[in-house]
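Trainee: File coords_16.txt follows (compact mmCIF, C-alpha atoms and all ligand atoms):
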# COMPACT_ATOMS: atom_id res chain seq x y z
CA MET J 1 -12.41 -27.32 -1.90
CA SER J 2 -9.24 -25.26 -1.79
CA ALA J 3 -8.88 -21.65 -2.84
CA THR J 4 -6.77 -20.26 -5.68
CA LEU J 5 -3.67 -18.61 -4.26
CA ILE J 6 -3.26 -14.97 -5.32
CA ASP J 7 0.51 -14.76 -5.68
CA GLY J 8 1.36 -11.17 -4.74
CA LYS J 9 5.07 -11.87 -4.87
CA ALA J 10 4.90 -12.97 -8.51
CA PHE J 11 2.45 -10.17 -9.42
CA ALA J 12 4.79 -7.62 -7.83
CA ALA J 13 7.79 -9.00 -9.72
CA GLY J 14 5.90 -8.61 -13.01
CA LEU J 15 4.89 -5.09 -12.06
CA ARG J 16 8.50 -4.17 -11.30
CA THR J 17 9.60 -5.49 -14.70
CA ARG J 18 7.04 -3.23 -16.40
CA ILE J 19 8.14 -0.30 -14.25
CA ALA J 20 11.80 -0.94 -15.13
CA THR J 21 10.90 -0.79 -18.84
CA GLU J 22 9.15 2.57 -18.34
CA VAL J 23 12.07 3.90 -16.30
CA ALA J 24 14.48 2.95 -19.09
CA ALA J 25 12.32 4.84 -21.60
CA MET J 26 12.30 7.91 -19.33
CA LYS J 27 16.05 7.74 -18.85
CA ALA J 28 16.45 7.77 -22.63
CA GLN J 29 14.70 11.18 -22.48
CA GLY J 30 17.08 12.37 -19.78
CA ILE J 31 14.67 11.84 -16.85
CA THR J 32 15.60 9.57 -13.93
CA PRO J 33 12.86 9.07 -11.30
CA GLY J 34 14.07 9.59 -7.73
CA LEU J 35 12.52 8.37 -4.48
CA ALA J 36 13.50 9.75 -1.07
CA VAL J 37 12.72 7.60 1.96
CA VAL J 38 12.96 9.14 5.42
CA LEU J 39 13.31 6.93 8.49
CA VAL J 40 13.26 8.44 11.96
CA GLY J 41 14.48 6.15 14.75
CA GLU J 42 15.74 2.58 14.85
CA ASP J 43 12.62 0.39 14.79
CA PRO J 44 13.97 -2.95 13.46
CA ALA J 45 10.91 -3.78 11.30
CA SER J 46 10.97 -0.28 9.76
CA GLN J 47 14.67 -0.67 8.99
CA VAL J 48 13.95 -3.93 7.14
CA TYR J 49 11.19 -2.30 5.04
CA VAL J 50 13.28 0.76 4.24
CA ARG J 51 16.23 -1.40 3.13
CA SER J 52 13.90 -3.46 0.94
CA LYS J 53 12.36 -0.31 -0.61
CA GLY J 54 15.81 1.17 -1.36
CA LYS J 55 17.02 -2.05 -2.97
CA GLN J 56 13.96 -2.40 -5.21
CA THR J 57 14.07 1.29 -6.16
CA LEU J 58 17.62 0.84 -7.50
CA GLU J 59 16.68 -2.46 -9.20
CA VAL J 60 14.08 -0.76 -11.41
CA GLY J 61 16.63 1.89 -12.37
CA MET J 62 15.42 4.75 -10.17
CA ASN J 63 17.58 6.86 -7.87
CA SER J 64 17.10 6.12 -4.17
CA TYR J 65 17.82 8.68 -1.47
CA GLU J 66 17.76 7.39 2.10
CA HIS J 67 17.63 9.77 5.05
CA LYS J 68 18.06 8.20 8.48
CA LEU J 69 17.51 10.47 11.45
CA PRO J 70 17.93 9.68 15.14
CA ALA J 71 14.76 9.08 17.18
CA GLU J 72 15.37 12.31 19.18
CA THR J 73 15.44 14.51 16.06
CA PRO J 74 13.41 17.70 16.68
CA GLU J 75 10.29 17.90 14.52
CA ALA J 76 11.54 21.20 13.06
CA ASP J 77 14.61 19.40 11.65
CA LEU J 78 12.42 16.79 9.96
CA LEU J 79 10.19 19.54 8.52
CA ALA J 80 13.30 21.32 7.22
CA LEU J 81 14.44 18.11 5.50
CA ILE J 82 11.01 17.70 3.89
CA GLU J 83 11.21 21.30 2.62
CA ARG J 84 14.59 20.54 1.03
CA LEU J 85 13.22 17.38 -0.62
CA ASN J 86 10.13 19.28 -1.81
CA ALA J 87 12.41 21.80 -3.55
CA ASP J 88 14.85 19.21 -4.98
CA PRO J 89 14.06 18.53 -8.67
CA ALA J 90 15.90 15.17 -8.51
CA VAL J 91 13.35 13.94 -5.94
CA ASN J 92 10.01 12.92 -7.48
CA GLY J 93 8.66 10.95 -4.53
CA ILE J 94 8.95 11.40 -0.76
CA LEU J 95 8.02 8.72 1.78
CA VAL J 96 8.28 9.34 5.51
CA GLN J 97 8.19 5.94 7.16
CA LEU J 98 5.44 5.60 9.78
CA PRO J 99 5.02 5.40 12.68
CA LEU J 100 7.01 8.45 13.76
CA PRO J 101 8.39 8.88 17.30
CA ALA J 102 5.75 10.00 19.81
CA HIS J 103 7.06 13.59 20.13
CA MET J 104 6.22 14.29 16.49
CA ASP J 105 2.90 15.43 15.02
CA GLU J 106 2.39 12.85 12.28
CA GLU J 107 -0.35 14.87 10.56
CA ALA J 108 1.79 18.01 10.40
CA VAL J 109 4.78 16.08 9.06
CA ILE J 110 2.80 14.24 6.38
CA ASN J 111 1.01 17.39 5.24
CA ALA J 112 4.36 19.17 4.83
CA ILE J 113 5.05 16.87 1.86
CA LEU J 114 4.29 18.45 -1.52
CA PRO J 115 1.13 16.59 -2.72
CA GLU J 116 2.71 15.96 -6.13
CA LYS J 117 5.59 14.12 -4.39
CA ASP J 118 3.37 12.35 -1.82
CA VAL J 119 3.84 8.81 -3.15
CA ASP J 120 2.08 7.37 -0.07
CA GLY J 121 -1.06 9.36 -0.88
CA PHE J 122 -1.42 10.36 2.78
CA THR J 123 -1.70 14.16 2.48
CA VAL J 124 -5.18 15.65 2.90
CA LEU J 125 -5.10 16.94 -0.66
CA ASN J 126 -4.54 13.47 -2.12
CA VAL J 127 -7.13 11.95 0.24
CA GLY J 128 -9.64 14.56 -0.95
CA ARG J 129 -8.76 14.04 -4.59
CA LEU J 130 -9.29 10.27 -4.26
CA ALA J 131 -12.61 10.79 -2.47
CA THR J 132 -13.86 13.20 -5.15
CA GLY J 133 -12.61 11.15 -8.12
CA GLN J 134 -9.85 13.58 -9.12
CA LYS J 135 -6.36 12.57 -10.24
CA ALA J 136 -4.60 11.66 -6.98
CA MET J 137 -1.64 9.79 -5.59
CA VAL J 138 -3.27 6.64 -4.17
CA PRO J 139 -1.99 4.84 -1.03
CA CYS J 140 0.24 1.91 -2.01
CA THR J 141 -1.32 -0.92 0.00
CA PRO J 142 -4.93 -0.37 -1.18
CA LEU J 143 -3.68 0.20 -4.75
CA GLY J 144 -1.89 -3.15 -4.67
CA CYS J 145 -5.02 -4.85 -3.30
CA LEU J 146 -7.14 -3.28 -6.06
CA MET J 147 -4.75 -4.52 -8.75
CA MET J 148 -4.91 -8.08 -7.40
CA LEU J 149 -8.72 -7.96 -7.13
CA ARG J 150 -9.12 -6.73 -10.71
CA GLU J 151 -6.68 -9.35 -11.95
CA HIS J 152 -8.66 -12.17 -10.31
CA LEU J 153 -12.22 -10.93 -10.69
CA GLY J 154 -12.15 -8.69 -13.72
CA SER J 155 -15.00 -6.27 -12.99
CA LEU J 156 -15.80 -5.50 -9.33
CA SER J 157 -19.10 -3.88 -10.31
CA GLY J 158 -22.01 -4.78 -8.03
CA LYS J 159 -19.94 -7.08 -5.82
CA ASN J 160 -20.44 -6.90 -2.06
CA ALA J 161 -17.16 -5.79 -0.49
CA VAL J 162 -16.49 -5.76 3.25
CA VAL J 163 -13.36 -3.96 4.47
CA ILE J 164 -12.45 -4.76 8.08
CA GLY J 165 -10.51 -1.80 9.48
CA ARG J 166 -11.01 1.96 9.17
CA SER J 167 -7.45 3.31 9.14
CA ASN J 168 -6.43 6.26 6.98
CA ILE J 169 -3.63 4.13 5.54
CA VAL J 170 -5.60 1.07 4.43
CA GLY J 171 -9.30 0.75 5.32
CA LYS J 172 -10.63 4.14 4.21
CA PRO J 173 -8.69 4.44 0.93
CA MET J 174 -9.45 0.77 0.15
CA ALA J 175 -13.17 1.50 0.52
CA GLN J 176 -12.82 4.54 -1.81
CA LEU J 177 -11.11 2.48 -4.49
CA LEU J 178 -13.70 -0.31 -4.28
CA LEU J 179 -16.47 2.27 -4.51
CA ARG J 180 -14.85 3.81 -7.60
CA ASP J 181 -15.01 0.35 -9.19
CA SER J 182 -18.75 0.23 -8.36
CA ALA J 183 -18.60 -2.37 -5.59
CA THR J 184 -21.12 -2.11 -2.72
CA VAL J 185 -18.82 -1.27 0.17
CA THR J 186 -19.16 -1.72 3.92
CA ILE J 187 -16.43 -0.67 6.32
CA ALA J 188 -16.43 -2.79 9.47
CA HIS J 189 -14.54 -2.08 12.68
CA SER J 190 -14.30 -2.94 16.38
CA ARG J 191 -17.86 -1.73 17.10
CA THR J 192 -19.50 -3.55 14.19
CA GLN J 193 -22.32 -5.86 15.28
CA ASP J 194 -22.26 -9.48 14.13
CA LEU J 195 -19.00 -9.12 12.23
CA PRO J 196 -18.94 -12.83 11.24
CA GLY J 197 -22.44 -12.50 9.76
CA LEU J 198 -21.51 -9.34 7.87
CA CYS J 199 -18.34 -10.95 6.51
CA ARG J 200 -20.41 -13.88 5.22
CA THR J 201 -22.19 -11.44 2.86
CA ALA J 202 -18.89 -10.42 1.25
CA ASP J 203 -17.90 -11.43 -2.27
CA ILE J 204 -14.73 -9.45 -1.55
CA LEU J 205 -13.33 -9.52 1.98
CA VAL J 206 -10.38 -7.26 2.87
CA ALA J 207 -8.90 -7.76 6.35
CA ALA J 208 -6.81 -4.89 7.74
CA VAL J 209 -7.20 -5.13 11.51
CA GLY J 210 -3.72 -6.01 12.75
CA ARG J 211 -4.79 -9.06 14.76
CA ALA J 212 -3.26 -12.43 13.97
CA ASN J 213 -5.66 -15.06 12.51
CA PHE J 214 -8.67 -12.86 13.42
CA VAL J 215 -10.93 -13.81 10.49
CA LYS J 216 -12.12 -17.40 10.79
CA GLY J 217 -13.05 -19.83 8.04
CA ASP J 218 -16.78 -19.77 8.88
CA TRP J 219 -16.80 -15.94 8.36
CA VAL J 220 -15.96 -16.46 4.69
CA LYS J 221 -18.65 -16.77 2.04
CA PRO J 222 -17.97 -19.84 -0.12
CA GLY J 223 -16.11 -18.74 -3.25
CA ALA J 224 -15.27 -15.24 -1.91
CA THR J 225 -12.06 -13.41 -2.76
CA VAL J 226 -10.09 -12.77 0.43
CA ILE J 227 -7.35 -10.12 0.67
CA ASP J 228 -5.24 -10.33 3.83
CA VAL J 229 -3.47 -7.04 4.62
CA GLY J 230 -2.24 -8.15 8.06
CA ILE J 231 1.46 -8.56 8.89
CA ASN J 232 1.65 -10.01 12.42
CA ARG J 233 4.83 -11.36 13.96
CA THR J 234 3.98 -14.36 16.16
CA ASP J 235 5.82 -17.38 17.61
CA ASP J 236 4.67 -19.20 14.45
CA GLY J 237 6.37 -16.56 12.28
CA LEU J 238 4.68 -13.97 10.07
CA VAL J 239 0.89 -14.45 9.87
CA GLY J 240 -1.97 -12.43 8.45
CA ASP J 241 -5.26 -11.20 9.89
CA VAL J 242 -7.02 -14.17 8.28
CA ASP J 243 -6.82 -17.72 9.61
CA PHE J 244 -5.37 -18.96 6.35
CA ALA J 245 -5.67 -22.71 7.00
CA GLU J 246 -9.41 -22.33 7.66
CA ALA J 247 -10.22 -19.64 5.09
CA GLU J 248 -8.52 -21.34 2.15
CA GLN J 249 -10.97 -24.27 2.55
CA VAL J 250 -13.89 -21.92 1.86
CA ALA J 251 -12.65 -18.99 -0.22
CA GLY J 252 -12.49 -18.93 -4.02
CA ALA J 253 -9.19 -17.05 -3.93
CA ILE J 254 -6.96 -15.76 -1.14
CA THR J 255 -3.68 -13.85 -0.68
CA PRO J 256 -1.02 -15.52 1.49
CA VAL J 257 1.09 -13.86 4.20
CA PRO J 258 3.94 -13.45 3.49
CA GLY J 259 3.99 -13.18 -0.30
CA GLY J 260 0.65 -11.42 -0.82
CA VAL J 261 -0.15 -7.78 -0.14
CA GLY J 262 3.31 -6.87 1.29
CA PRO J 263 5.34 -7.23 -1.93
CA MET J 264 2.56 -5.44 -3.87
CA THR J 265 2.79 -2.46 -1.47
CA ILE J 266 6.44 -1.86 -2.37
CA ALA J 267 5.82 -2.41 -6.10
CA CYS J 268 3.02 0.19 -5.94
CA LEU J 269 5.35 2.63 -4.21
CA LEU J 270 7.60 2.36 -7.27
CA ALA J 271 4.55 2.67 -9.53
CA ASN J 272 3.52 5.86 -7.72
CA THR J 273 7.04 7.25 -8.00
CA LEU J 274 6.95 6.60 -11.74
CA THR J 275 3.53 8.27 -12.00
CA ALA J 276 4.75 11.28 -10.00
CA THR J 277 7.79 11.59 -12.27
CA ALA J 278 5.64 11.41 -15.41
CA ARG J 279 3.30 14.11 -14.09
CA ALA J 280 6.22 16.35 -13.01
CA ASN J 281 7.52 16.21 -16.59
CA GLY J 282 4.20 16.72 -18.37
CA LEU J 283 4.10 13.12 -19.64
CA PRO J 284 0.90 11.01 -19.66
CA ASP J 285 0.32 8.64 -16.70
CA PRO J 286 1.99 5.26 -17.29
CA GLU J 287 -0.56 2.65 -18.44
CA GLY J 288 -2.20 0.45 -15.78
CA LEU J 289 -0.38 1.83 -12.73
CA THR J 290 -3.08 4.25 -11.59
CA PRO J 291 -6.68 3.40 -10.66
N1 LIG J 301 4.92 5.88 5.08
C1 LIG J 301 4.80 4.56 5.11
N2 LIG J 301 4.43 3.90 3.99
C2 LIG J 301 4.32 2.53 4.01
O1 LIG J 301 3.97 1.92 2.97
C3 LIG J 301 4.63 1.83 5.22
C4 LIG J 301 5.00 2.58 6.34
N3 LIG J 301 5.06 3.93 6.26
N4 LIG J 301 5.29 1.97 7.51
C5 LIG J 301 5.30 0.53 7.64
C6 LIG J 301 4.34 -0.12 6.66
C7 LIG J 301 4.57 -1.59 6.43
N5 LIG J 301 4.85 -1.75 5.03
C8 LIG J 301 5.18 -2.96 4.42
C9 LIG J 301 5.70 -3.06 3.16
C10 LIG J 301 6.09 -4.28 2.63
C11 LIG J 301 5.95 -5.44 3.33
C12 LIG J 301 6.41 -6.73 2.76
O2 LIG J 301 6.97 -6.78 1.68
N6 LIG J 301 6.20 -7.85 3.47
C13 LIG J 301 6.64 -9.17 3.06
C14 LIG J 301 7.36 -9.86 4.21
C15 LIG J 301 8.44 -9.03 4.82
C16 LIG J 301 8.93 -9.61 6.14
O3 LIG J 301 9.38 -10.78 6.15
O4 LIG J 301 8.84 -8.91 7.15
C17 LIG J 301 5.45 -10.03 2.68
O5 LIG J 301 4.33 -9.75 3.14
O6 LIG J 301 5.63 -10.98 1.93
C18 LIG J 301 5.40 -5.37 4.59
C19 LIG J 301 5.02 -4.15 5.13
C20 LIG J 301 4.85 -0.52 4.45
N7 LIG J 301 4.56 0.44 5.32
Represent the structure contained in this file as C-alpha cells.
Mentor:
Amino acid sequence: MSATLIDGKAFAAGLRTRIATEVAAMKAQGITPGLAVVLVGEDPASQVYVRSKGKQTLEVGMNSYEHKLPAETPEADLLALIERLNADPAVNGILVQLPLPAHMDEEAVINAILPEKDVDGFTVLNVGRLATGQKAMVPCTPLGCLMMLREHLGSLSGKNAVVIGRSNIVGKPMAQLLLRDSATVTIAHSRTQDLPGLCRTADILVAAVGRANFVKGDWVKPGATVIDVGINRTDDGLVGDVDFAEAEQVAGAITPVPGGVGPMTIACLLANTLTATARANGLPDPEGLTP
C-alpha cells in the first residue's frame, strides 16, 4: 500500500492562477492589491522566503513593497515603519517576517499591525475573531493545510484530528480551523503521554513540531490523511516532521516536503492579501479563499 501524494505545489499554482484572475478584475475597477513584507536582519532562510513571496506577489499582478532593515534596527524604528504602512492606502497587507531579532518584543510589533492588514492573522484581534467564529484574517499555513484537507477528504465532520504542536503560528490556529469544520480535535505536544498511541487514533494527523522525521510509520492509522508542516534542513536536504518513507506505506494520503505545505503557505498569503483588499474596498470576500 502506498499513499496518495497531496501535491501542494500544484494546488498552490492553481490557487495563484485563480488569485491572478481576481486581481485582474480588481485592477479593472482601479484597485491594485499591495503587500508589504518587512524583513529585519540577514537570516539566509528568511531572505529566501521573502524573495519568493515578493516574486509571487508580482506574478499574480499585485504590488509588492519590500522593507529590509538591519538587525540592529531599534524597535521604535520598526514600529514607526508599521505605522506608516498602516496609514498607506496602497498597502492592503503587512507581513513582518518572523523570527525578529532578540532585542525586539515580537508581540508588541505584531500587535502594532492594523488587524485589517494583518495578512498573517497573528494579531490578538484576529486570533480572537477566529476563535469566536467571526470574520478574521486566518494564518496562512493552517489555511493552506485546511484547503488541502478539504480537497482530499471533502467533509471533515466527525473525523478524529490530532495536531502535534501548540504554536500560535500553526498548532493553535490549525486546531481552531479543524474544530470549525466539526472535526474532533486533540492538540498534542512535548508533554503528551503515549503520543504514538494518540496519533494512531487520528484520521487526520498534522505534524508541526520542527523535528526532522519525528513521526514514524507505526504512529499512523492505516488510511489516515497526513499533513507535514515541518521544514527541517538536514544533511539529507529538506525533510519534514514525518518520516515520509515509512508513513507513505501506511497513510491514505500525505503531503511531501518540499512541495507540500510550504508552497500553499505563500499562496494563502496572496489569498489573504486579496481578501484584505476586497474588504478594504467594501467588496464581498473572494470565493473559496477564506474558511
Ligand atoms: N510572519 C511570517 N509569516 C510566515 O508565513 C513565515 C514567517 N514569518 N517566517 C518564516 C516562515 C516559514 N515560511 C515558509 C513559507 C514557504 C515555504 C516554502 O515554500 N517551502 C518550499 C521549499 C523552500 C526551500 O527550498 O527552502 C517547500 O516546502 O516546498 C517554507 C516556509 C513562512 N514563514
Trainee: What residues of the protein or nucleic acid chains come within 6 Å of ligand LIG 301 (chain J) when you use only C-alpha atoms and all ligand atoms? Reply as a PyMOL selection string.
Mentor: chain J and resi 49+95-98+120+257-263+265-266
Trainee: Restricting the calculation to all atoms listed in the file: of J:Ala175, J:Val50, J:Val60, J:Met26, which residue gets closest to Asn160 of chain J?
Mentor: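 That would be J:Ala175, the residue with the smallest distance to Asn160 of chain J.
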Trainee: Between J:Ala247, J:Leu205, J:Ile6, J:Val38, which has the minimum distance to Ile187 of chain J (counting all atoms listed in the file)?
Mentor: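 Checking each of J:Ala247, J:Leu205, J:Ile6, J:Val38 against Ile187 of chain J, counting all atoms listed in the file, the winner is J:Leu205.
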Trainee: Would you kindly return, as a PyMOL selection string, each protein, DNA or RNA residue with an atom no farther than 9 Å from any atom of Cys140 of chain J, considering all atoms listed in the file and excluding same-chain residues fewer than 4 positions away?
Mentor: chain J and resi 119-121+144-145+169-170+264-269+271-272
Trainee: I'd like to know which of J:Gly210, J:Glu75, J:Met62, J:Val37 is closest to Thr21 of chain J, using all atoms listed in the file.
Mentor: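 Of J:Gly210, J:Glu75, J:Met62, J:Val37, the one nearest Thr21 of chain J is J:Met62, counting all atoms listed in the file.
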Trainee: May I ask which of the residues J:Val229, J:Ala208, J:Met137, J:Ala202 is the closest one to Gly171 of chain J, counting all atoms listed in the file?
Mentor: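 Of all the options, J:Ala208 lies closest to Gly171 of chain J.
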Trainee: With all atoms listed in the file as the counted atoms, please give the residues lying no more than 7 Å from Ser2 of chain J, apart from itself and same-chain residues fewer than 3 positions off, as a VMD selection string.
Mentor: chain J and resid 248 to 250
Trainee: With only C-alpha atoms as the basis for distance, which of J:Thr17, J:Ser155, J:Gln176, J:Ser64 is at the shortest distance from Ala90 of chain J?
Mentor: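 Under the stated criterion, the closest residue is J:Ser64.
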Trainee: Have a look at J:Asp7, J:Ile231, J:Pro101, J:Gly154 and name the one nearest to Thr73 of chain J; count all atoms listed in the file.
Mentor: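 The closest residue to Thr73 of chain J is J:Pro101.
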Trainee: What is the distance between atom CA of Gly288 of chain J and atom CA of Glu116 of chain J, in Å to one decimal?
Mentor: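 Atom CA of Glu116 of chain J lies 18.9 Å from atom CA of Gly288 of chain J.
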Trainee: Which residues are close to Lys27 of chain J, i.e. within 12 Å by all atoms listed in the file, leaving aside same-chain residues fewer than 4 positions away? Reply as a PyMOL selection string.
Mentor: chain J and resi 20-23+31-34+60-63+274+277-278
Trainee: If you measure from atom CA of Val40 of chain J to atom CA of Asn86 of chain J, what distance in Å do you get, rounded to one decimal?
Mentor: 17.8 Å
